[in-house]
$ cat work.txt   # compact mmCIF, C-alpha atoms
# COMPACT_ATOMS: atom_id res chain seq x y z
CA MET A 1 -7.70 12.10 15.14
CA THR A 2 -7.91 10.04 18.38
CA GLU A 3 -11.20 8.66 17.08
CA TYR A 4 -9.46 7.12 14.04
CA LEU A 5 -6.52 5.97 16.14
CA LEU A 6 -8.86 3.95 18.34
CA LYS A 7 -10.60 2.48 15.30
CA LEU A 8 -7.39 1.14 13.70
CA ASP A 9 -7.68 -2.60 13.16
CA PHE A 10 -4.34 -4.11 14.17
CA LYS A 11 -5.92 -7.52 14.74
CA LYS A 12 -6.75 -8.30 11.10
CA SER A 13 -3.12 -9.11 10.29
CA ILE A 14 -1.58 -10.37 13.54
CA GLY A 15 -0.88 -6.95 15.04
CA LEU A 16 0.40 -5.31 11.87
CA ILE A 17 -1.10 -2.70 9.59
CA PRO A 18 0.31 -2.17 6.08
CA VAL A 19 1.63 1.35 5.53
CA ILE A 20 1.76 2.91 2.07
CA VAL A 21 4.41 5.60 1.86
CA GLN A 22 3.94 8.43 -0.61
CA ASP A 23 6.24 11.34 -1.45
CA ALA A 24 4.50 14.59 -0.49
CA LYS A 25 6.02 16.53 -3.40
CA SER A 26 6.09 14.14 -6.36
CA LYS A 27 3.15 12.02 -5.10
CA GLU A 28 5.07 8.89 -6.18
CA VAL A 29 4.49 5.77 -4.08
CA LEU A 30 7.82 5.04 -2.41
CA MET A 31 7.36 1.80 -0.48
CA LEU A 32 5.05 -0.44 1.49
CA ALA A 33 5.95 -1.34 5.05
CA TYR A 34 4.20 -2.47 8.23
CA ALA A 35 3.43 -0.81 11.54
CA ASN A 36 2.46 -2.27 14.87
CA GLU A 37 0.99 -0.03 17.55
CA GLU A 38 4.43 0.89 18.92
CA ALA A 39 5.74 1.86 15.46
CA LEU A 40 2.74 4.11 14.85
CA GLU A 41 3.10 5.67 18.29
CA LYS A 42 6.80 6.40 17.65
CA THR A 43 5.90 7.85 14.25
CA LEU A 44 3.31 10.14 15.81
CA THR A 45 5.50 11.30 18.67
CA THR A 46 8.77 11.80 16.74
CA GLY A 47 7.33 12.99 13.40
CA TYR A 48 9.51 10.47 11.55
CA ALA A 49 8.35 7.19 9.99
CA HIS A 50 8.85 4.08 12.11
CA TYR A 51 7.93 0.54 11.09
CA TRP A 52 7.94 -3.04 12.28
CA SER A 53 10.37 -5.20 10.35
CA ARG A 54 8.79 -8.57 9.65
CA SER A 55 12.12 -10.15 8.72
CA ARG A 56 14.22 -8.72 11.57
CA LYS A 57 11.27 -8.79 13.99
CA LYS A 58 12.08 -5.39 15.40
CA LEU A 59 10.99 -1.78 15.41
CA TRP A 60 13.01 0.43 13.06
CA MET A 61 13.11 4.03 12.06
CA LYS A 62 13.41 4.44 8.32
CA GLY A 63 16.85 5.95 7.69
CA GLU A 64 18.30 5.01 11.10
CA THR A 65 21.41 3.60 9.38
CA SER A 66 21.18 5.08 5.84
CA GLY A 67 20.13 8.55 6.92
CA HIS A 68 17.27 8.37 4.41
CA LYS A 69 14.64 9.50 6.89
CA GLN A 70 10.98 10.15 6.18
CA LYS A 71 9.53 13.28 7.78
CA ILE A 72 5.81 12.88 8.28
CA ILE A 73 3.63 15.46 6.55
CA LYS A 74 0.30 13.67 6.85
CA ILE A 75 -1.08 10.33 8.03
CA LEU A 76 -4.37 8.93 6.77
CA THR A 77 -6.26 5.72 7.31
CA ASP A 78 -8.76 4.15 4.95
CA CYS A 79 -12.49 3.52 5.13
CA ASP A 80 -12.17 0.27 7.09
CA TYR A 81 -9.23 1.34 9.27
CA ASP A 82 -6.95 -1.52 8.27
CA SER A 83 -4.28 0.31 6.31
CA LEU A 84 -2.33 3.53 6.63
CA LEU A 85 -0.93 6.13 4.26
CA TYR A 86 2.12 8.10 5.36
CA VAL A 87 2.69 11.17 3.19
CA VAL A 88 6.33 12.12 3.72
CA ASN A 89 9.25 14.31 2.85
CA GLN A 90 11.78 11.67 1.79
CA LYS A 91 15.45 12.43 2.40
CA GLY A 92 17.53 10.71 -0.31
CA PRO A 93 16.32 7.54 -2.03
CA ALA A 94 13.60 5.48 -0.32
CA CYS A 95 14.86 2.11 -1.56
CA HIS A 96 17.78 0.17 -0.07
CA THR A 97 18.95 -0.35 -3.69
CA ASN A 98 19.49 3.43 -3.81
CA LYS A 99 16.62 3.88 -6.25
CA TYR A 100 14.20 6.73 -5.57
CA THR A 101 11.24 4.36 -5.03
CA CYS A 102 11.03 0.67 -4.12
CA PHE A 103 8.49 0.27 -6.94
CA HIS A 104 10.90 0.16 -9.87
CA ASN A 105 10.09 -3.24 -11.39
CA LYS A 106 7.55 -2.96 -14.19
CA LEU A 107 5.26 -5.98 -14.72
CA LYS A 108 2.97 -4.30 -17.21
CA GLY A 109 2.44 -0.95 -18.94
CA MET B 1 7.91 -8.80 -17.10
CA THR B 2 7.73 -12.64 -16.82
CA GLU B 3 10.91 -12.48 -14.75
CA TYR B 4 9.22 -10.28 -12.11
CA LEU B 5 6.03 -12.34 -12.26
CA LEU B 6 7.97 -15.47 -11.31
CA LYS B 7 9.74 -13.64 -8.50
CA LEU B 8 6.53 -12.45 -6.78
CA ASP B 9 6.43 -13.69 -3.21
CA PHE B 10 2.89 -14.89 -2.56
CA LYS B 11 4.01 -17.11 0.32
CA LYS B 12 5.00 -14.31 2.73
CA SER B 13 1.36 -13.55 3.56
CA ILE B 14 -0.53 -16.83 3.09
CA GLY B 15 -0.94 -16.54 -0.69
CA LEU B 16 -1.81 -12.86 -0.76
CA ILE B 17 0.13 -9.82 -1.92
CA PRO B 18 -0.96 -6.32 -0.88
CA VAL B 19 -1.84 -4.11 -3.84
CA ILE B 20 -1.55 -0.32 -3.64
CA VAL B 21 -3.87 1.36 -6.10
CA GLN B 22 -2.92 4.78 -7.46
CA ASP B 23 -4.82 7.09 -9.81
CA ALA B 24 -2.79 7.52 -13.02
CA LYS B 25 -3.90 11.11 -13.50
CA SER B 26 -4.01 12.68 -10.02
CA LYS B 27 -1.43 10.27 -8.52
CA GLU B 28 -3.62 10.04 -5.39
CA VAL B 29 -3.52 6.71 -3.54
CA LEU B 30 -7.02 5.27 -3.90
CA MET B 31 -7.06 2.05 -1.87
CA LEU B 32 -5.17 -0.96 -0.64
CA ALA B 33 -6.40 -4.41 -1.55
CA TYR B 34 -5.01 -7.94 -1.87
CA ALA B 35 -4.28 -10.21 -4.82
CA ASN B 36 -3.72 -13.92 -4.97
CA GLU B 37 -2.19 -15.45 -8.10
CA GLU B 38 -5.59 -15.87 -9.77
CA ALA B 39 -6.55 -12.22 -9.14
CA LEU B 40 -3.28 -11.00 -10.64
CA GLU B 41 -3.69 -13.31 -13.63
CA LYS B 42 -7.23 -11.99 -14.24
CA THR B 43 -5.94 -8.43 -13.91
CA LEU B 44 -3.21 -9.07 -16.46
CA THR B 45 -5.47 -10.84 -18.96
CA THR B 46 -8.51 -8.55 -18.74
CA GLY B 47 -6.74 -5.21 -18.16
CA TYR B 48 -9.05 -4.45 -15.22
CA ALA B 49 -8.16 -4.68 -11.53
CA HIS B 50 -9.16 -7.91 -9.78
CA TYR B 51 -8.57 -8.68 -6.10
CA TRP B 52 -9.07 -11.35 -3.48
CA SER B 53 -11.59 -10.34 -0.85
CA ARG B 54 -10.37 -11.43 2.57
CA SER B 55 -13.78 -10.90 4.16
CA ARG B 56 -15.89 -12.56 1.46
CA LYS B 57 -13.14 -15.08 0.61
CA LYS B 58 -13.66 -14.72 -3.10
CA LEU B 59 -12.17 -13.23 -6.24
CA TRP B 60 -13.75 -9.93 -7.26
CA MET B 61 -13.38 -7.42 -10.00
CA LYS B 62 -13.38 -3.85 -8.67
CA GLY B 63 -16.58 -2.26 -9.96
CA GLU B 64 -18.35 -5.52 -10.78
CA THR B 65 -21.46 -4.30 -8.95
CA SER B 66 -20.82 -0.51 -8.60
CA GLY B 67 -19.48 -0.01 -12.12
CA HIS B 68 -16.48 1.81 -10.61
CA LYS B 69 -13.92 -0.18 -12.58
CA GLN B 70 -10.17 0.32 -12.58
CA LYS B 71 -8.49 0.16 -15.99
CA ILE B 72 -4.87 -0.89 -15.61
CA ILE B 73 -2.30 1.57 -16.95
CA LYS B 74 0.76 0.12 -15.29
CA ILE B 75 1.68 -2.59 -12.77
CA LEU B 76 4.86 -2.48 -10.73
CA THR B 77 6.35 -4.60 -8.00
CA ASP B 78 8.82 -3.51 -5.36
CA CYS B 79 12.43 -4.36 -4.61
CA ASP B 80 11.61 -7.51 -2.66
CA TYR B 81 8.68 -8.64 -4.81
CA ASP B 82 6.16 -8.79 -1.96
CA SER B 83 3.85 -5.94 -2.89
CA LEU B 84 2.25 -4.55 -6.02
CA LEU B 85 1.32 -1.12 -7.32
CA TYR B 86 -1.56 -0.86 -9.78
CA VAL B 87 -1.64 2.50 -11.55
CA VAL B 88 -5.17 2.87 -12.89
CA ASN B 89 -7.76 4.95 -14.60
CA GLN B 90 -10.49 4.99 -11.96
CA LYS B 91 -14.09 5.19 -13.16
CA GLY B 92 -16.16 7.05 -10.53
CA PRO B 93 -15.20 7.01 -6.86
CA ALA B 94 -12.84 4.28 -5.63
CA CYS B 95 -14.37 4.00 -2.17
CA HIS B 96 -17.58 2.12 -1.33
CA THR B 97 -18.57 5.23 0.71
CA ASN B 98 -18.67 7.10 -2.64
CA LYS B 99 -15.61 9.14 -1.70
CA TYR B 100 -12.94 9.55 -4.37
CA THR B 101 -10.30 7.68 -2.32
CA CYS B 102 -10.56 5.20 0.55
CA PHE B 103 -7.89 7.21 2.38
CA HIS B 104 -10.10 10.02 3.64
CA ASN B 105 -9.57 9.77 7.40
CA LYS B 106 -6.83 12.06 8.63
CA LEU B 107 -4.86 10.93 11.69
CA LYS B 108 -2.24 13.64 11.51
CA GLY B 109 -1.25 16.61 9.34
$ encode --input "work.txt" --output "structure tokens"
Amino acid sequence: MTEYLLKLDFKKSIGLIPVIVQDAKSKEVLMLAYANEEALEKTLTTGYAHYWSRSRKKLWMKGETSGHKQKIIKILTDCDYDSLLYVVNQKGPACHTNKYTCFHNKLKG
Amino acid sequence: MTEYLLKLDFKKSIGLIPVIVQDAKSKEVLMLAYANEEALEKTLTTGYAHYWSRSRKKLWMKGETSGHKQKIIKILTDCDYDSLLYVVNQKGPACHTNKYTCFHNKLKG
């Protein structure tokens, strides 16, 4: 675990790593967000998903105002250590539009 | 469909949009890659996943050398139009390490 933590490449995208969030039960992809080192650390220590908001330029815990928290079940990184996958138990809808997933706009298929 | 295509925000990350790739059958998350407008256009016209390689600075079709192509089943974008989800039929392993998914390094859980 620590081995992968040390390998994470935060430098590739100015200190941020994209985080894919997947529902542990349905396996649906819920959202994509970004983590800096502090957000990942908070996620690991609290067991709830934290991110870096690029627009508000601040650390946030998912659900801190809406209550729609994400309890961490599993965290994985990929083969080149530049992205993360949070597998979560999602409380309520993941999207701020109140939809279950942020990915609700179909381009094709 | 065209409506969402026009809304896609390629400017947020210097012309690139992160693409989450999910297996249509198992629903496992396979990889994260990046698309510029040309890569997305090629994906839409050919029906096979194309990306922009940040390291090689070129357009590539997944599987062009390995044969491990990704047939597009569905493409979605999220609530703020700055990321994409390709749902695919993956031929062979998705990862260059020959693992089924690129997300095979467990940090927690």
$ calpha_fit_and_write --input "work.txt" --fixed "chain A" --moving "chain B" --output "PDB file with C-alpha atoms, in the frame of the given file"
ATOM      1  CA  MET B   1      -7.661  12.074  15.097  1.00  0.00           C
ATOM      2  CA  THR B   2      -7.933  10.078  18.382  1.00  0.00           C
ATOM      3  CA  GLU B   3     -11.208   8.672  17.073  1.00  0.00           C
ATOM      4  CA  TYR B   4      -9.466   7.134  14.029  1.00  0.00           C
ATOM      5  CA  LEU B   5      -6.525   5.983  16.141  1.00  0.00           C
ATOM      6  CA  LEU B   6      -8.864   3.949  18.345  1.00  0.00           C
ATOM      7  CA  LYS B   7     -10.605   2.482  15.313  1.00  0.00           C
ATOM      8  CA  LEU B   8      -7.407   1.134  13.690  1.00  0.00           C
ATOM      9  CA  ASP B   9      -7.690  -2.598  13.158  1.00  0.00           C
ATOM     10  CA  PHE B  10      -4.360  -4.110  14.166  1.00  0.00           C
ATOM     11  CA  LYS B  11      -5.916  -7.536  14.735  1.00  0.00           C
ATOM     12  CA  LYS B  12      -6.748  -8.300  11.080  1.00  0.00           C
ATOM     13  CA  SER B  13      -3.111  -9.100  10.276  1.00  0.00           C
ATOM     14  CA  ILE B  14      -1.573 -10.372  13.528  1.00  0.00           C
ATOM     15  CA  GLY B  15      -0.876  -6.938  15.033  1.00  0.00           C
ATOM     16  CA  LEU B  16       0.404  -5.317  11.865  1.00  0.00           C
ATOM     17  CA  ILE B  17      -1.099  -2.704   9.571  1.00  0.00           C
ATOM     18  CA  PRO B  18       0.304  -2.172   6.068  1.00  0.00           C
ATOM     19  CA  VAL B  19       1.626   1.346   5.528  1.00  0.00           C
ATOM     20  CA  ILE B  20       1.750   2.908   2.059  1.00  0.00           C
ATOM     21  CA  VAL B  21       4.406   5.584   1.859  1.00  0.00           C
ATOM     22  CA  GLN B  22       3.941   8.434  -0.612  1.00  0.00           C
ATOM     23  CA  ASP B  23       6.244  11.343  -1.450  1.00  0.00           C
ATOM     24  CA  ALA B  24       4.499  14.608  -0.498  1.00  0.00           C
ATOM     25  CA  LYS B  25       6.035  16.525  -3.382  1.00  0.00           C
ATOM     26  CA  SER B  26       6.083  14.136  -6.362  1.00  0.00           C
ATOM     27  CA  LYS B  27       3.152  12.011  -5.092  1.00  0.00           C
ATOM     28  CA  GLU B  28       5.084   8.890  -6.174  1.00  0.00           C
ATOM     29  CA  VAL B  29       4.485   5.763  -4.079  1.00  0.00           C
ATOM     30  CA  LEU B  30       7.818   5.042  -2.398  1.00  0.00           C
ATOM     31  CA  MET B  31       7.357   1.790  -0.474  1.00  0.00           C
ATOM     32  CA  LEU B  32       5.062  -0.443   1.498  1.00  0.00           C
ATOM     33  CA  ALA B  33       5.956  -1.328   5.057  1.00  0.00           C
ATOM     34  CA  TYR B  34       4.204  -2.478   8.235  1.00  0.00           C
ATOM     35  CA  ALA B  35       3.427  -0.804  11.549  1.00  0.00           C
ATOM     36  CA  ASN B  36       2.466  -2.278  14.866  1.00  0.00           C
ATOM     37  CA  GLU B  37       0.991  -0.023  17.553  1.00  0.00           C
ATOM     38  CA  GLU B  38       4.429   0.887  18.924  1.00  0.00           C
ATOM     39  CA  ALA B  39       5.747   1.864  15.468  1.00  0.00           C
ATOM     40  CA  LEU B  40       2.744   4.108  14.851  1.00  0.00           C
ATOM     41  CA  GLU B  41       3.096   5.672  18.297  1.00  0.00           C
ATOM     42  CA  LYS B  42       6.795   6.410  17.651  1.00  0.00           C
ATOM     43  CA  THR B  43       5.893   7.864  14.257  1.00  0.00           C
ATOM     44  CA  LEU B  44       3.289  10.141  15.806  1.00  0.00           C
ATOM     45  CA  THR B  45       5.501  11.306  18.676  1.00  0.00           C
ATOM     46  CA  THR B  46       8.757  11.802  16.755  1.00  0.00           C
ATOM     47  CA  GLY B  47       7.337  12.989  13.409  1.00  0.00           C
ATOM     48  CA  TYR B  48       9.512  10.468  11.546  1.00  0.00           C
ATOM     49  CA  ALA B  49       8.352   7.195   9.995  1.00  0.00           C
ATOM     50  CA  HIS B  50       8.861   4.079  12.123  1.00  0.00           C
ATOM     51  CA  TYR B  51       7.939   0.538  11.076  1.00  0.00           C
ATOM     52  CA  TRP B  52       7.956  -3.041  12.274  1.00  0.00           C
ATOM     53  CA  SER B  53      10.388  -5.198  10.345  1.00  0.00           C
ATOM     54  CA  ARG B  54       8.823  -8.582   9.658  1.00  0.00           C
ATOM     55  CA  SER B  55      12.155 -10.134   8.693  1.00  0.00           C
ATOM     56  CA  ARG B  56      14.244  -8.725  11.548  1.00  0.00           C
ATOM     57  CA  LYS B  57      11.293  -8.798  13.981  1.00  0.00           C
ATOM     58  CA  LYS B  58      12.103  -5.408  15.400  1.00  0.00           C
ATOM     59  CA  LEU B  59      11.007  -1.789  15.418  1.00  0.00           C
ATOM     60  CA  TRP B  60      13.013   0.424  13.071  1.00  0.00           C
ATOM     61  CA  MET B  61      13.115   4.022  12.079  1.00  0.00           C
ATOM     62  CA  LYS B  62      13.425   4.451   8.306  1.00  0.00           C
ATOM     63  CA  GLY B  63      16.863   5.951   7.709  1.00  0.00           C
ATOM     64  CA  GLU B  64      18.308   5.012  11.095  1.00  0.00           C
ATOM     65  CA  THR B  65      21.403   3.592   9.389  1.00  0.00           C
ATOM     66  CA  SER B  66      21.170   5.059   5.826  1.00  0.00           C
ATOM     67  CA  GLY B  67      20.138   8.553   6.906  1.00  0.00           C
ATOM     68  CA  HIS B  68      17.265   8.370   4.395  1.00  0.00           C
ATOM     69  CA  LYS B  69      14.639   9.506   6.886  1.00  0.00           C
ATOM     70  CA  GLN B  70      10.977  10.151   6.186  1.00  0.00           C
ATOM     71  CA  LYS B  71       9.527  13.288   7.776  1.00  0.00           C
ATOM     72  CA  ILE B  72       5.794  12.884   8.284  1.00  0.00           C
ATOM     73  CA  ILE B  73       3.614  15.466   6.542  1.00  0.00           C
ATOM     74  CA  LYS B  74       0.304  13.685   6.855  1.00  0.00           C
ATOM     75  CA  ILE B  75      -1.084  10.336   8.037  1.00  0.00           C
ATOM     76  CA  LEU B  76      -4.363   8.934   6.785  1.00  0.00           C
ATOM     77  CA  THR B  77      -6.264   5.728   7.308  1.00  0.00           C
ATOM     78  CA  ASP B  78      -8.771   4.156   4.962  1.00  0.00           C
ATOM     79  CA  CYS B  79     -12.496   3.513   5.123  1.00  0.00           C
ATOM     80  CA  ASP B  80     -12.170   0.276   7.075  1.00  0.00           C
ATOM     81  CA  TYR B  81      -9.245   1.344   9.264  1.00  0.00           C
ATOM     82  CA  ASP B  82      -6.958  -1.530   8.262  1.00  0.00           C
ATOM     83  CA  SER B  83      -4.285   0.318   6.323  1.00  0.00           C
ATOM     84  CA  LEU B  84      -2.329   3.538   6.637  1.00  0.00           C
ATOM     85  CA  LEU B  85      -0.934   6.129   4.259  1.00  0.00           C
ATOM     86  CA  TYR B  86       2.118   8.103   5.355  1.00  0.00           C
ATOM     87  CA  VAL B  87       2.695  11.175   3.196  1.00  0.00           C
ATOM     88  CA  VAL B  88       6.328  12.133   3.725  1.00  0.00           C
ATOM     89  CA  ASN B  89       9.246  14.294   2.845  1.00  0.00           C
ATOM     90  CA  GLN B  90      11.776  11.668   1.786  1.00  0.00           C
ATOM     91  CA  LYS B  91      15.449  12.418   2.407  1.00  0.00           C
ATOM     92  CA  GLY B  92      17.531  10.694  -0.306  1.00  0.00           C
ATOM     93  CA  PRO B  93      16.324   7.532  -2.020  1.00  0.00           C
ATOM     94  CA  ALA B  94      13.594   5.477  -0.328  1.00  0.00           C
ATOM     95  CA  CYS B  95      14.843   2.115  -1.562  1.00  0.00           C
ATOM     96  CA  HIS B  96      17.757   0.165  -0.061  1.00  0.00           C
ATOM     97  CA  THR B  97      18.949  -0.353  -3.684  1.00  0.00           C
ATOM     98  CA  ASN B  98      19.486   3.445  -3.797  1.00  0.00           C
ATOM     99  CA  LYS B  99      16.617   3.873  -6.246  1.00  0.00           C
ATOM    100  CA  TYR B 100      14.199   6.722  -5.567  1.00  0.00           C
ATOM    101  CA  THR B 101      11.232   4.360  -5.033  1.00  0.00           C
ATOM    102  CA  CYS B 102      11.015   0.672  -4.134  1.00  0.00           C
ATOM    103  CA  PHE B 103       8.469   0.254  -6.938  1.00  0.00           C
ATOM    104  CA  HIS B 104      10.889   0.155  -9.854  1.00  0.00           C
ATOM    105  CA  ASN B 105      10.079  -3.229 -11.394  1.00  0.00           C
ATOM    106  CA  LYS B 106       7.536  -2.981 -14.175  1.00  0.00           C
ATOM    107  CA  LEU B 107       5.248  -5.980 -14.713  1.00  0.00           C
ATOM    108  CA  LYS B 108       2.967  -4.308 -17.211  1.00  0.00           C
ATOM    109  CA  GLY B 109       2.467  -0.938 -18.915  1.00  0.00           C
TER     110      GLY B 109
END
$ residues_near_point --input "work.txt" --point "(9.8, -1.0, -1.3)" --cutoff "8 Å" --atoms "only C-alpha atoms" --output "list in words"
Leu30, Met31, Leu32, Ala33, Ala94, Cys95, Thr101, Cys102 and Phe103 of chain A; Asp78, Cys79, Asp80 and Ser83 of chain B
$ closest_atom_pairs --input "work.txt" --of "chain A" --to "chain B" --cutoff "9 Å" --atoms "all atoms listed in the file" --output "tab-separated table"
residue	atom	partner	partner_atom	distance
A:Met1	CA	B:Leu107	CA	4.6
A:Thr2	CA	B:Leu107	CA	7.4
A:Glu3	CA	B:Leu107	CA	8.6
A:Tyr4	CA	B:Leu107	CA	6.4
A:Leu5	CA	B:Leu107	CA	6.9
A:Pro18	CA	B:Pro18	CA	8.2
A:Ile20	CA	B:Ile20	CA	7.3
A:Gln22	CA	B:Val29	CA	8.2
A:Ser26	CA	B:Lys27	CA	8.7
A:Lys27	CA	B:Lys27	CA	6.0
A:Glu28	CA	B:Lys27	CA	7.0
A:Val29	CA	B:Val29	CA	8.1
A:Met31	CA	B:Asp78	CA	7.4
A:Leu32	CA	B:Ser83	CA	7.1
A:Leu44	CA	B:Lys108	CA	7.8
A:Ile72	CA	B:Gly109	CA	8.1
A:Ile73	CA	B:Gly109	CA	5.7
A:Lys74	CA	B:Gly109	CA	4.2
A:Ile75	CA	B:Lys108	CA	4.9
A:Leu76	CA	B:Lys106	CA	4.4
A:Thr77	CA	B:Asn105	CA	5.2
A:Asp78	CA	B:Phe103	CA	4.1
A:Cys79	CA	B:Cys102	CA	5.2
A:Asp80	CA	B:Cys102	CA	8.3
A:Tyr81	CA	B:Asn105	CA	8.6
A:Ser83	CA	B:Leu32	CA	7.1
A:Leu84	CA	B:Phe103	CA	7.9
A:Leu85	CA	B:Phe103	CA	7.3
A:Cys95	CA	B:Cys79	CA	7.6
A:His96	CA	B:Cys79	CA	8.4
A:Thr97	CA	B:Cys79	CA	7.7
A:Thr101	CA	B:Asp78	CA	8.2
A:Cys102	CA	B:Asp78	CA	4.9
A:Phe103	CA	B:Asp78	CA	4.1
A:His104	CA	B:Asp78	CA	6.2
A:Asn105	CA	B:Thr77	CA	5.2
A:Lys106	CA	B:Leu76	CA	4.4
A:Leu107	CA	B:Met1	CA	4.5
A:Lys108	CA	B:Ile75	CA	4.9
A:Gly109	CA	B:Lys74	CA	4.2
$ atom_distance --input "work.txt" --atom1 "atom CA of B:Lys58" --atom2 "atom CA of A:Ile17"
21.5 Å
$ atom_distance --input "work.txt" --atom1 "atom CA of A:Gln70" --atom2 "atom CA of A:Glu38"
17.1 Å
$ atom_distance --input "work.txt" --atom1 "atom CA of A:Tyr34" --atom2 "atom CA of A:Ser53"
7.1 Å
$ axis_aligned_box --input "work.txt" --around "stretch 53-63 of chain B" --padding-each-side "8 Å" --output "lines of an AutoDock Vina configuration file"
center_x = -13.5
center_y = -8.7
center_z = -2.9
size_x = 22.2
size_y = 28.8
size_z = 30.2
$ residues_around --input "work.txt" --residues "stretch 61-64 of chain A" --least-positions-apart "6" --cutoff "8 Å" --atoms "all atoms listed in the file" --output "list of chain:residue names"
A:Tyr48, A:Ala49, A:His50, A:Tyr51, A:Gln70
$ residues_around --input "work.txt" --residues "B:Leu16" --least-positions-apart "6" --cutoff "9 Å" --atoms "only C-alpha atoms" --output "VMD selection string"
chain B and resid 9 to 10 34 to 37 52
$ write_last_selection --input "work.txt" --atoms "C-alpha atoms" --output "PDB file, keeping the file's coordinate frame"
ATOM      1  CA  ASP B   9       6.430 -13.690  -3.210  1.00  0.00           C
ATOM      2  CA  PHE B  10       2.890 -14.890  -2.560  1.00  0.00           C
ATOM      3  CA  TYR B  34      -5.010  -7.940  -1.870  1.00  0.00           C
ATOM      4  CA  ALA B  35      -4.280 -10.210  -4.820  1.00  0.00           C
ATOM      5  CA  ASN B  36      -3.720 -13.920  -4.970  1.00  0.00           C
ATOM      6  CA  GLU B  37      -2.190 -15.450  -8.100  1.00  0.00           C
ATOM      7  CA  TRP B  52      -9.070 -11.350  -3.480  1.00  0.00           C
TER       8      TRP B  52
END
$ build_atoms --input "work.txt" --residues "stretch 53-58 of chain B" --atoms "all heavy atoms" --output "PDB file, in the coordinates of the input"
ATOM      1  N   SER B  53     -10.945 -10.921  -2.024  1.00  0.00           N
ATOM      2  CA  SER B  53     -11.590 -10.340  -0.850  1.00  0.00           C
ATOM      3  C   SER B  53     -11.330 -11.221   0.366  1.00  0.00           C
ATOM      4  O   SER B  53     -11.750 -12.390   0.383  1.00  0.00           O
ATOM      5  CB  SER B  53     -13.094 -10.199  -1.086  1.00  0.00           C
ATOM      6  OG  SER B  53     -13.730  -9.921   0.153  1.00  0.00           O
ATOM      7  N   ARG B  54     -10.661 -10.649   1.358  1.00  0.00           N
ATOM      8  CA  ARG B  54     -10.370 -11.430   2.570  1.00  0.00           C
ATOM      9  C   ARG B  54     -11.612 -11.671   3.403  1.00  0.00           C
ATOM     10  O   ARG B  54     -11.743 -12.698   4.050  1.00  0.00           O
ATOM     11  CB  ARG B  54      -9.315 -10.691   3.423  1.00  0.00           C
ATOM     12  CG  ARG B  54      -7.967 -10.568   2.719  1.00  0.00           C
ATOM     13  CD  ARG B  54      -6.932  -9.922   3.629  1.00  0.00           C
ATOM     14  NE  ARG B  54      -7.349  -8.599   4.082  1.00  0.00           N
ATOM     15  CZ  ARG B  54      -6.729  -7.884   5.012  1.00  0.00           C
ATOM     16  NH1 ARG B  54      -5.650  -8.370   5.587  1.00  0.00           N
ATOM     17  NH2 ARG B  54      -7.155  -6.698   5.364  1.00  0.00           N
ATOM     18  N   SER B  55     -12.561 -10.721   3.366  1.00  0.00           N
ATOM     19  CA  SER B  55     -13.780 -10.900   4.160  1.00  0.00           C
ATOM     20  C   SER B  55     -14.767 -11.853   3.481  1.00  0.00           C
ATOM     21  O   SER B  55     -15.323 -12.738   4.120  1.00  0.00           O
ATOM     22  CB  SER B  55     -14.446  -9.547   4.433  1.00  0.00           C
ATOM     23  OG  SER B  55     -14.638  -8.837   3.228  1.00  0.00           O
ATOM     24  N   ARG B  56     -14.934 -11.704   2.179  1.00  0.00           N
ATOM     25  CA  ARG B  56     -15.890 -12.560   1.460  1.00  0.00           C
ATOM     26  C   ARG B  56     -15.231 -13.845   0.951  1.00  0.00           C
ATOM     27  O   ARG B  56     -15.904 -14.730   0.442  1.00  0.00           O
ATOM     28  CB  ARG B  56     -16.524 -11.785   0.309  1.00  0.00           C
ATOM     29  CG  ARG B  56     -17.447 -10.648   0.799  1.00  0.00           C
ATOM     30  CD  ARG B  56     -18.014  -9.851  -0.367  1.00  0.00           C
ATOM     31  NE  ARG B  56     -16.998  -9.053  -1.024  1.00  0.00           N
ATOM     32  CZ  ARG B  56     -16.935  -8.795  -2.337  1.00  0.00           C
ATOM     33  NH1 ARG B  56     -17.850  -9.300  -3.151  1.00  0.00           N
ATOM     34  NH2 ARG B  56     -15.967  -8.043  -2.835  1.00  0.00           N
ATOM     35  N   LYS B  57     -13.918 -13.922   1.071  1.00  0.00           N
ATOM     36  CA  LYS B  57     -13.140 -15.080   0.610  1.00  0.00           C
ATOM     37  C   LYS B  57     -13.467 -15.460  -0.828  1.00  0.00           C
ATOM     38  O   LYS B  57     -13.762 -16.622  -1.131  1.00  0.00           O
ATOM     39  CB  LYS B  57     -13.327 -16.276   1.558  1.00  0.00           C
ATOM     40  CG  LYS B  57     -12.802 -16.004   2.959  1.00  0.00           C
ATOM     41  CD  LYS B  57     -12.808 -17.225   3.822  1.00  0.00           C
ATOM     42  CE  LYS B  57     -12.727 -16.891   5.307  1.00  0.00           C
ATOM     43  NZ  LYS B  57     -11.783 -15.836   5.679  1.00  0.00           N
ATOM     44  N   LYS B  58     -13.434 -14.465  -1.684  1.00  0.00           N
ATOM     45  CA  LYS B  58     -13.660 -14.720  -3.100  1.00  0.00           C
ATOM     46  C   LYS B  58     -12.955 -13.694  -3.988  1.00  0.00           C
ATOM     47  O   LYS B  58     -12.616 -12.595  -3.533  1.00  0.00           O
ATOM     48  CB  LYS B  58     -15.154 -14.775  -3.424  1.00  0.00           C
ATOM     49  CG  LYS B  58     -15.914 -13.476  -3.256  1.00  0.00           C
ATOM     50  CD  LYS B  58     -17.404 -13.650  -3.475  1.00  0.00           C
ATOM     51  CE  LYS B  58     -17.846 -13.702  -4.920  1.00  0.00           C
ATOM     52  NZ  LYS B  58     -18.064 -12.382  -5.551  1.00  0.00           N
TER      53      LYS B  58
END
